[in-house]
Amino acid sequence: MSGGEAAYAGRGIHRTAVEELARRIFDGVYDEGSTLDPPRLMEELHVSQTVLREAIRVLMAKGLLDARQKRGTFVRPRADWNLFDADVLRWKLAAGAPDCFFSDLLDLRRSIEPAAAALAAERATGQDLAALDAALDAMATGGTDPVLHVRADASFHLALLTASHNLFFTQMYRVIIPALVERDRAVHKGHFENPYAIHRDVVDQIRAGDPDGAYMAVLDLLDVAQRDHP
């Protein structure tokens, strides 16, 4: 599982069926437009019709599958898959996201995180600043350990979104953090510069109550993220 995410939160054979069917879709075994063969799937997955039907219902709700009379159950176009769903995003990352995925993610982050930082400069509480400082301390003491830096970066950006005290910005962690972890793992496989200083600047601007400064500091941080992506 990518990013340390847990499997789909069902139980037993139901969860296994959902996970396996999703894996086949994301691996391209069943491509866009492919029609599923329920009897064959029941045999291959060793599940009952009831279990398979429920697994299909779950994946329909997540935008992966649809059903039509005479056509049966089929894989929807990739553009319809709900990447804001935690399971869908996890499956996407586990299957190996292309470079364009991370470019699109960076576009999303540019539209969200600078604005979140500007709001944080106006709204951050002492608890918010403490969470940001704790993430900075983890970066400062992480040395060259890539695992520690990945965790620290994820904690920082979660704290940044939370400090905005905007319900919708805060919820964006569901998309930004898992994809950020995957991106950081790729970046930190080789030599990397400690990102402490540029993250420190963001916190300094928030602590100073400077929305414009915080906004620009995050843009600078994201410029570095774009440059460092392998």
# chains A, B, ... in the order shown; residues from 1 in each chain; ligands from 1
>>> residues_around(residues="Phe156 (chain A)", least_positions_apart="2", cutoff="6 Å", atoms="only C-alpha atoms", output="list of chain:residue names")
A:Leu132, A:Ala135, A:Asp153, A:Ala154, A:Leu158, A:Ala159
>>> select_by_dssp(residues="region 4-215 of chain A", states="helix (DSSP H, G or I)", output="PyMOL selection string")
chain A and resi 4+12-26+38-45+49-61+78-80+86-94+99-123+126-141+146-163+167-171+173-187+196-207+211-215
>>> closest_residue(among="A:Leu41, A:Ala121, A:Ala17, A:Ile56", to="Ala208 (chain A)", atoms="only C-alpha atoms")
A:Ala121
>>> residues_around(residues="Tyr173 (chain A)", least_positions_apart="2", cutoff="10 Å", atoms="only C-alpha atoms", output="ChimeraX atom specification")
/A:84,154,157-162,168-171,175-180
>>> write_last_selection(atoms="all heavy atoms", output="short mmCIF file (atom, residue, chain, number, x, y, z; two decimals), in the first residue's frame")
data_model
loop_
_atom_site.label_atom_id
_atom_site.label_comp_id
_atom_site.auth_asym_id
_atom_site.auth_seq_id
_atom_site.Cartn_x
_atom_site.Cartn_y
_atom_site.Cartn_z
N PHE A 84 -10.66 12.47 -5.37
CA PHE A 84 -10.81 13.03 -4.04
C PHE A 84 -11.24 11.97 -3.03
O PHE A 84 -11.32 12.26 -1.83
CB PHE A 84 -11.82 14.18 -4.05
CG PHE A 84 -11.29 15.42 -4.71
CD1 PHE A 84 -11.50 15.65 -6.06
CD2 PHE A 84 -10.54 16.34 -3.99
CE1 PHE A 84 -11.00 16.78 -6.67
CE2 PHE A 84 -10.02 17.47 -4.60
CZ PHE A 84 -10.26 17.70 -5.94
N ALA A 154 5.07 15.97 5.52
CA ALA A 154 3.63 15.71 5.57
C ALA A 154 3.00 16.40 6.78
O ALA A 154 1.93 17.01 6.67
CB ALA A 154 3.38 14.20 5.63
N HIS A 157 2.71 20.28 6.11
CA HIS A 157 1.66 20.73 5.19
C HIS A 157 0.26 20.45 5.74
O HIS A 157 -0.67 21.21 5.46
CB HIS A 157 1.88 20.12 3.81
CG HIS A 157 3.07 20.70 3.11
ND1 HIS A 157 3.01 21.87 2.40
CD2 HIS A 157 4.36 20.30 3.07
CE1 HIS A 157 4.20 22.17 1.92
NE2 HIS A 157 5.05 21.23 2.33
N LEU A 158 0.13 19.40 6.53
CA LEU A 158 -1.14 19.18 7.23
C LEU A 158 -1.39 20.31 8.22
O LEU A 158 -2.50 20.85 8.30
CB LEU A 158 -1.10 17.83 7.95
CG LEU A 158 -2.32 17.51 8.82
CD1 LEU A 158 -3.60 17.51 7.99
CD2 LEU A 158 -2.13 16.16 9.51
N ALA A 159 -0.36 20.68 8.98
CA ALA A 159 -0.50 21.77 9.95
C ALA A 159 -0.80 23.10 9.26
O ALA A 159 -1.57 23.92 9.77
CB ALA A 159 0.77 21.89 10.79
N LEU A 160 -0.19 23.31 8.09
CA LEU A 160 -0.43 24.55 7.34
C LEU A 160 -1.89 24.64 6.90
O LEU A 160 -2.55 25.69 7.08
CB LEU A 160 0.48 24.59 6.12
CG LEU A 160 0.29 25.78 5.16
CD1 LEU A 160 0.62 27.08 5.85
CD2 LEU A 160 1.15 25.60 3.91
N LEU A 161 -2.42 23.56 6.33
CA LEU A 161 -3.81 23.57 5.90
C LEU A 161 -4.75 23.76 7.09
O LEU A 161 -5.73 24.50 7.02
CB LEU A 161 -4.14 22.27 5.17
CG LEU A 161 -3.44 22.07 3.82
CD1 LEU A 161 -3.61 20.63 3.35
CD2 LEU A 161 -3.98 23.03 2.76
N THR A 162 -4.43 23.09 8.19
CA THR A 162 -5.26 23.19 9.40
C THR A 162 -5.27 24.60 9.95
O THR A 162 -6.30 25.11 10.42
CB THR A 162 -4.76 22.20 10.47
OG1 THR A 162 -4.79 20.88 9.93
CG2 THR A 162 -5.63 22.27 11.72
N PHE A 168 -12.83 23.89 3.96
CA PHE A 168 -12.55 23.27 2.67
C PHE A 168 -11.04 23.13 2.43
O PHE A 168 -10.58 22.11 1.92
CB PHE A 168 -13.21 24.07 1.54
CG PHE A 168 -14.71 24.04 1.62
CD1 PHE A 168 -15.41 25.10 2.18
CD2 PHE A 168 -15.42 22.94 1.16
CE1 PHE A 168 -16.79 25.07 2.26
CE2 PHE A 168 -16.80 22.90 1.24
CZ PHE A 168 -17.50 23.97 1.80
N PHE A 169 -10.26 24.15 2.79
CA PHE A 169 -8.81 24.04 2.65
C PHE A 169 -8.29 22.90 3.53
O PHE A 169 -7.44 22.12 3.11
CB PHE A 169 -8.12 25.34 3.04
CG PHE A 169 -8.20 26.42 2.00
CD1 PHE A 169 -7.67 27.67 2.24
CD2 PHE A 169 -8.80 26.19 0.76
CE1 PHE A 169 -7.72 28.67 1.28
CE2 PHE A 169 -8.87 27.18 -0.19
CZ PHE A 169 -8.33 28.43 0.06
N THR A 170 -8.80 22.82 4.75
CA THR A 170 -8.34 21.78 5.67
C THR A 170 -8.61 20.39 5.10
O THR A 170 -7.77 19.49 5.20
CB THR A 170 -9.03 21.93 7.03
OG1 THR A 170 -8.71 23.21 7.58
CG2 THR A 170 -8.56 20.85 8.00
N GLN A 171 -9.77 20.20 4.48
CA GLN A 171 -10.12 18.89 3.93
C GLN A 171 -9.25 18.50 2.74
O GLN A 171 -9.21 17.31 2.37
CB GLN A 171 -11.59 18.88 3.52
CG GLN A 171 -12.56 18.88 4.69
CD GLN A 171 -12.47 17.61 5.51
OE1 GLN A 171 -12.49 16.50 4.97
NE2 GLN A 171 -12.37 17.75 6.83
N VAL A 175 -6.24 14.79 -0.29
CA VAL A 175 -5.61 14.63 -1.60
C VAL A 175 -4.14 15.00 -1.55
O VAL A 175 -3.28 14.27 -2.04
CB VAL A 175 -6.32 15.50 -2.66
CG1 VAL A 175 -5.60 15.42 -4.01
CG2 VAL A 175 -7.77 15.08 -2.81
N ILE A 176 -3.83 16.13 -0.93
CA ILE A 176 -2.48 16.68 -0.99
C ILE A 176 -1.48 15.81 -0.22
O ILE A 176 -0.39 15.52 -0.72
CB ILE A 176 -2.47 18.12 -0.46
CG1 ILE A 176 -3.19 19.04 -1.46
CG2 ILE A 176 -1.04 18.61 -0.22
CD1 ILE A 176 -3.34 20.48 -0.99
N ILE A 177 -1.82 15.37 0.98
CA ILE A 177 -0.84 14.69 1.82
C ILE A 177 -0.43 13.32 1.27
O ILE A 177 0.78 13.04 1.15
CB ILE A 177 -1.33 14.58 3.28
CG1 ILE A 177 -1.58 15.99 3.86
CG2 ILE A 177 -0.31 13.83 4.12
CD1 ILE A 177 -0.37 16.92 3.80
N PRO A 178 -1.36 12.42 0.90
CA PRO A 178 -0.90 11.13 0.36
C PRO A 178 -0.05 11.28 -0.90
O PRO A 178 0.96 10.58 -1.07
CB PRO A 178 -2.21 10.39 0.05
CG PRO A 178 -3.22 11.02 0.94
CD PRO A 178 -2.82 12.46 1.03
N ALA A 179 -0.45 12.20 -1.80
CA ALA A 179 0.32 12.40 -3.02
C ALA A 179 1.67 13.07 -2.71
O ALA A 179 2.68 12.76 -3.35
CB ALA A 179 -0.46 13.26 -4.01
N LEU A 180 1.69 13.96 -1.73
CA LEU A 180 2.94 14.60 -1.32
C LEU A 180 3.91 13.57 -0.76
O LEU A 180 5.12 13.61 -1.05
CB LEU A 180 2.64 15.67 -0.26
CG LEU A 180 3.85 16.39 0.36
CD1 LEU A 180 4.59 17.19 -0.71
CD2 LEU A 180 3.39 17.30 1.49
#
>>> select_by_dssp(residues="region 56-105 of chain A", states="strand (DSSP E)", output="tab-separated table (two decimals) with N, CA and C atoms, in the first residue's frame")
chain	number	residue	atom	x	y	z
A	65	LEU	N	-16.74	2.36	-11.81
A	65	LEU	CA	-17.58	1.47	-12.59
A	65	LEU	C	-18.96	2.08	-12.82
A	66	ASP	N	-19.63	1.61	-13.85
A	66	ASP	CA	-21.01	1.98	-14.11
A	66	ASP	C	-21.70	0.76	-14.69
A	67	ALA	N	-23.01	0.81	-14.77
A	67	ALA	CA	-23.76	-0.32	-15.31
A	67	ALA	C	-24.90	0.19	-16.19
A	68	ARG	N	-25.14	-0.52	-17.27
A	68	ARG	CA	-26.22	-0.19	-18.20
A	68	ARG	C	-26.92	-1.48	-18.62
A	72	GLY	N	-24.16	-4.24	-19.36
A	72	GLY	CA	-23.60	-4.81	-18.15
A	72	GLY	C	-22.77	-3.79	-17.38
A	73	THR	N	-21.88	-4.28	-16.52
A	73	THR	CA	-21.02	-3.43	-15.70
A	73	THR	C	-19.71	-3.19	-16.43
A	74	PHE	N	-19.31	-1.92	-16.50
A	74	PHE	CA	-18.11	-1.57	-17.27
A	74	PHE	C	-17.29	-0.52	-16.54
A	75	VAL	N	-16.02	-0.40	-16.96
A	75	VAL	CA	-15.10	0.57	-16.36
A	75	VAL	C	-15.35	1.94	-16.98
>>> closest_atom_pairs(of="region 174-208 of chain A", to="region 115-118 of chain A", cutoff="12 Å", atoms="only C-alpha atoms", output="CSV")
residue,atom,partner,partner_atom,distance
A:His199,CA,A:Ala117,CA,11.5
A:Asp201,CA,A:Ala117,CA,11.4
A:Val202,CA,A:Ala117,CA,7.7
A:Val203,CA,A:Ala117,CA,8.8
A:Asp204,CA,A:Ala117,CA,11.0
A:Gln205,CA,A:Ala117,CA,8.8
A:Ile206,CA,A:Ala117,CA,6.9
A:Arg207,CA,A:Ala117,CA,10.6
A:Ala208,CA,A:Ala118,CA,11.2
>>> atom_distance(atom1="CA of Thr141 (chain A)", atom2="CA of Lys189 (chain A)")
18.3 Å
>>> atom_distance(atom1="CA of Asp223 (chain A)", atom2="CA of Arg110 (chain A)")
9.4 Å
>>> residues_around(residues="Leu136 (chain A)", least_positions_apart="3", cutoff="7 Å", atoms="only C-alpha atoms", output="VMD selection string")
chain A and resid 132 to 133 139 to 140 196 200
>>> residues_around(residues="Thr50 (chain A)", least_positions_apart="4", cutoff="12 Å", atoms="only C-alpha atoms", output="NGL selection string")
:A and (13-14 or 17 or 38-39 or 42 or 46 or 54-57)
>>> decode(residues="region 58-74 of chain A", atoms="all heavy atoms", output="PDB file, in the first residue's frame")
ATOM      1  N   VAL A  58     -19.554  -0.661  -4.411  1.00  0.00           N
ATOM      2  CA  VAL A  58     -18.572   0.232  -3.789  1.00  0.00           C
ATOM      3  C   VAL A  58     -17.779   0.993  -4.857  1.00  0.00           C
ATOM      4  O   VAL A  58     -17.587   2.202  -4.779  1.00  0.00           O
ATOM      5  CB  VAL A  58     -17.606  -0.565  -2.884  1.00  0.00           C
ATOM      6  CG1 VAL A  58     -16.409   0.295  -2.471  1.00  0.00           C
ATOM      7  CG2 VAL A  58     -18.340  -1.070  -1.650  1.00  0.00           C
ATOM      8  N   LEU A  59     -17.325   0.263  -5.881  1.00  0.00           N
ATOM      9  CA  LEU A  59     -16.505   0.889  -6.919  1.00  0.00           C
ATOM     10  C   LEU A  59     -17.334   1.784  -7.833  1.00  0.00           C
ATOM     11  O   LEU A  59     -16.803   2.740  -8.409  1.00  0.00           O
ATOM     12  CB  LEU A  59     -15.779  -0.184  -7.721  1.00  0.00           C
ATOM     13  CG  LEU A  59     -14.779  -1.022  -6.906  1.00  0.00           C
ATOM     14  CD1 LEU A  59     -14.069  -2.028  -7.802  1.00  0.00           C
ATOM     15  CD2 LEU A  59     -13.770  -0.135  -6.189  1.00  0.00           C
ATOM     16  N   MET A  60     -18.616   1.524  -7.955  1.00  0.00           N
ATOM     17  CA  MET A  60     -19.499   2.439  -8.683  1.00  0.00           C
ATOM     18  C   MET A  60     -19.606   3.766  -7.931  1.00  0.00           C
ATOM     19  O   MET A  60     -19.558   4.843  -8.536  1.00  0.00           O
ATOM     20  CB  MET A  60     -20.873   1.806  -8.866  1.00  0.00           C
ATOM     21  CG  MET A  60     -20.910   0.680  -9.878  1.00  0.00           C
ATOM     22  SD  MET A  60     -22.546  -0.117 -10.020  1.00  0.00           S
ATOM     23  CE  MET A  60     -23.497   1.224 -10.750  1.00  0.00           C
ATOM     24  N   ALA A  61     -19.718   3.691  -6.613  1.00  0.00           N
ATOM     25  CA  ALA A  61     -19.827   4.906  -5.801  1.00  0.00           C
ATOM     26  C   ALA A  61     -18.562   5.751  -5.872  1.00  0.00           C
ATOM     27  O   ALA A  61     -18.611   6.972  -5.706  1.00  0.00           O
ATOM     28  CB  ALA A  61     -20.128   4.541  -4.348  1.00  0.00           C
ATOM     29  N   LYS A  62     -17.438   5.115  -6.140  1.00  0.00           N
ATOM     30  CA  LYS A  62     -16.160   5.823  -6.228  1.00  0.00           C
ATOM     31  C   LYS A  62     -15.851   6.278  -7.663  1.00  0.00           C
ATOM     32  O   LYS A  62     -14.761   6.786  -7.937  1.00  0.00           O
ATOM     33  CB  LYS A  62     -15.035   4.927  -5.699  1.00  0.00           C
ATOM     34  CG  LYS A  62     -15.169   4.619  -4.198  1.00  0.00           C
ATOM     35  CD  LYS A  62     -14.106   3.646  -3.739  1.00  0.00           C
ATOM     36  CE  LYS A  62     -14.260   3.301  -2.254  1.00  0.00           C
ATOM     37  NZ  LYS A  62     -14.040   4.448  -1.362  1.00  0.00           N
ATOM     38  N   GLY A  63     -16.778   6.058  -8.574  1.00  0.00           N
ATOM     39  CA  GLY A  63     -16.626   6.555  -9.933  1.00  0.00           C
ATOM     40  C   GLY A  63     -15.860   5.651 -10.873  1.00  0.00           C
ATOM     41  O   GLY A  63     -15.584   6.043 -12.014  1.00  0.00           O
ATOM     42  N   LEU A  64     -15.513   4.447 -10.436  1.00  0.00           N
ATOM     43  CA  LEU A  64     -14.705   3.563 -11.279  1.00  0.00           C
ATOM     44  C   LEU A  64     -15.553   2.726 -12.240  1.00  0.00           C
ATOM     45  O   LEU A  64     -15.106   2.404 -13.344  1.00  0.00           O
ATOM     46  CB  LEU A  64     -13.861   2.622 -10.411  1.00  0.00           C
ATOM     47  CG  LEU A  64     -12.900   3.265  -9.414  1.00  0.00           C
ATOM     48  CD1 LEU A  64     -12.096   2.186  -8.709  1.00  0.00           C
ATOM     49  CD2 LEU A  64     -11.981   4.251 -10.091  1.00  0.00           C
ATOM     50  N   LEU A  65     -16.736   2.357 -11.806  1.00  0.00           N
ATOM     51  CA  LEU A  65     -17.583   1.467 -12.592  1.00  0.00           C
ATOM     52  C   LEU A  65     -18.958   2.085 -12.815  1.00  0.00           C
ATOM     53  O   LEU A  65     -19.387   2.972 -12.071  1.00  0.00           O
ATOM     54  CB  LEU A  65     -17.761   0.125 -11.867  1.00  0.00           C
ATOM     55  CG  LEU A  65     -16.516  -0.729 -11.641  1.00  0.00           C
ATOM     56  CD1 LEU A  65     -16.867  -1.948 -10.788  1.00  0.00           C
ATOM     57  CD2 LEU A  65     -15.895  -1.158 -12.961  1.00  0.00           C
ATOM     58  N   ASP A  66     -19.626   1.606 -13.847  1.00  0.00           N
ATOM     59  CA  ASP A  66     -21.009   1.980 -14.107  1.00  0.00           C
ATOM     60  C   ASP A  66     -21.704   0.761 -14.686  1.00  0.00           C
ATOM     61  O   ASP A  66     -21.047  -0.230 -15.045  1.00  0.00           O
ATOM     62  CB  ASP A  66     -21.088   3.160 -15.072  1.00  0.00           C
ATOM     63  CG  ASP A  66     -22.393   3.932 -14.941  1.00  0.00           C
ATOM     64  OD1 ASP A  66     -23.306   3.439 -14.246  1.00  0.00           O
ATOM     65  OD2 ASP A  66     -22.514   5.012 -15.541  1.00  0.00           O
ATOM     66  N   ALA A  67     -23.014   0.809 -14.772  1.00  0.00           N
ATOM     67  CA  ALA A  67     -23.763  -0.321 -15.310  1.00  0.00           C
ATOM     68  C   ALA A  67     -24.899   0.188 -16.185  1.00  0.00           C
ATOM     69  O   ALA A  67     -25.514   1.223 -15.885  1.00  0.00           O
ATOM     70  CB  ALA A  67     -24.309  -1.174 -14.168  1.00  0.00           C
ATOM     71  N   ARG A  68     -25.139  -0.523 -17.269  1.00  0.00           N
ATOM     72  CA  ARG A  68     -26.218  -0.194 -18.199  1.00  0.00           C
ATOM     73  C   ARG A  68     -26.922  -1.483 -18.619  1.00  0.00           C
ATOM     74  O   ARG A  68     -26.288  -2.533 -18.741  1.00  0.00           O
ATOM     75  CB  ARG A  68     -25.677   0.514 -19.446  1.00  0.00           C
ATOM     76  CG  ARG A  68     -25.077   1.881 -19.197  1.00  0.00           C
ATOM     77  CD  ARG A  68     -26.148   2.942 -18.950  1.00  0.00           C
ATOM     78  NE  ARG A  68     -25.547   4.276 -18.867  1.00  0.00           N
ATOM     79  CZ  ARG A  68     -25.077   4.816 -17.765  1.00  0.00           C
ATOM     80  NH1 ARG A  68     -25.109   4.104 -16.647  1.00  0.00           N
ATOM     81  NH2 ARG A  68     -24.560   6.025 -17.755  1.00  0.00           N
ATOM     82  N   GLN A  69     -28.204  -1.376 -18.844  1.00  0.00           N
ATOM     83  CA  GLN A  69     -28.923  -2.527 -19.356  1.00  0.00           C
ATOM     84  C   GLN A  69     -28.354  -2.931 -20.708  1.00  0.00           C
ATOM     85  O   GLN A  69     -27.975  -2.084 -21.504  1.00  0.00           O
ATOM     86  CB  GLN A  69     -30.414  -2.194 -19.503  1.00  0.00           C
ATOM     87  CG  GLN A  69     -31.158  -2.186 -18.181  1.00  0.00           C
ATOM     88  CD  GLN A  69     -32.662  -2.060 -18.376  1.00  0.00           C
ATOM     89  OE1 GLN A  69     -33.129  -1.686 -19.441  1.00  0.00           O
ATOM     90  NE2 GLN A  69     -33.418  -2.392 -17.336  1.00  0.00           N
ATOM     91  N   LYS A  70     -28.279  -4.204 -20.948  1.00  0.00           N
ATOM     92  CA  LYS A  70     -27.760  -4.813 -22.173  1.00  0.00           C
ATOM     93  C   LYS A  70     -26.234  -4.744 -22.277  1.00  0.00           C
ATOM     94  O   LYS A  70     -25.622  -5.575 -22.933  1.00  0.00           O
ATOM     95  CB  LYS A  70     -28.384  -4.178 -23.422  1.00  0.00           C
ATOM     96  CG  LYS A  70     -29.889  -4.368 -23.518  1.00  0.00           C
ATOM     97  CD  LYS A  70     -30.429  -3.786 -24.826  1.00  0.00           C
ATOM     98  CE  LYS A  70     -31.932  -3.998 -24.928  1.00  0.00           C
ATOM     99  NZ  LYS A  70     -32.498  -3.438 -26.187  1.00  0.00           N
ATOM    100  N   ARG A  71     -25.631  -3.735 -21.650  1.00  0.00           N
ATOM    101  CA  ARG A  71     -24.171  -3.636 -21.699  1.00  0.00           C
ATOM    102  C   ARG A  71     -23.535  -4.315 -20.499  1.00  0.00           C
ATOM    103  O   ARG A  71     -22.427  -4.843 -20.581  1.00  0.00           O
ATOM    104  CB  ARG A  71     -23.725  -2.178 -21.781  1.00  0.00           C
ATOM    105  CG  ARG A  71     -22.206  -2.025 -21.849  1.00  0.00           C
ATOM    106  CD  ARG A  71     -21.779  -0.591 -22.025  1.00  0.00           C
ATOM    107  NE  ARG A  71     -20.318  -0.476 -22.050  1.00  0.00           N
ATOM    108  CZ  ARG A  71     -19.670   0.684 -22.174  1.00  0.00           C
ATOM    109  NH1 ARG A  71     -20.344   1.811 -22.296  1.00  0.00           N
ATOM    110  NH2 ARG A  71     -18.348   0.693 -22.171  1.00  0.00           N
ATOM    111  N   GLY A  72     -24.157  -4.238 -19.362  1.00  0.00           N
ATOM    112  CA  GLY A  72     -23.595  -4.812 -18.152  1.00  0.00           C
ATOM    113  C   GLY A  72     -22.770  -3.789 -17.381  1.00  0.00           C
ATOM    114  O   GLY A  72     -22.916  -2.577 -17.550  1.00  0.00           O
ATOM    115  N   THR A  73     -21.883  -4.283 -16.525  1.00  0.00           N
ATOM    116  CA  THR A  73     -21.025  -3.429 -15.700  1.00  0.00           C
ATOM    117  C   THR A  73     -19.712  -3.186 -16.431  1.00  0.00           C
ATOM    118  O   THR A  73     -19.078  -4.130 -16.894  1.00  0.00           O
ATOM    119  CB  THR A  73     -20.752  -4.081 -14.337  1.00  0.00           C
ATOM    120  OG1 THR A  73     -22.001  -4.341 -13.680  1.00  0.00           O
ATOM    121  CG2 THR A  73     -19.911  -3.177 -13.462  1.00  0.00           C
ATOM    122  N   PHE A  74     -19.305  -1.919 -16.498  1.00  0.00           N
ATOM    123  CA  PHE A  74     -18.114  -1.574 -17.267  1.00  0.00           C
ATOM    124  C   PHE A  74     -17.288  -0.522 -16.542  1.00  0.00           C
ATOM    125  O   PHE A  74     -17.778   0.168 -15.636  1.00  0.00           O
ATOM    126  CB  PHE A  74     -18.497  -1.073 -18.662  1.00  0.00           C
ATOM    127  CG  PHE A  74     -19.368   0.166 -18.655  1.00  0.00           C
ATOM    128  CD1 PHE A  74     -18.817   1.438 -18.735  1.00  0.00           C
ATOM    129  CD2 PHE A  74     -20.746   0.050 -18.562  1.00  0.00           C
ATOM    130  CE1 PHE A  74     -19.610   2.567 -18.718  1.00  0.00           C
ATOM    131  CE2 PHE A  74     -21.559   1.180 -18.547  1.00  0.00           C
ATOM    132  CZ  PHE A  74     -20.987   2.443 -18.625  1.00  0.00           C
TER     133      PHE A  74
END
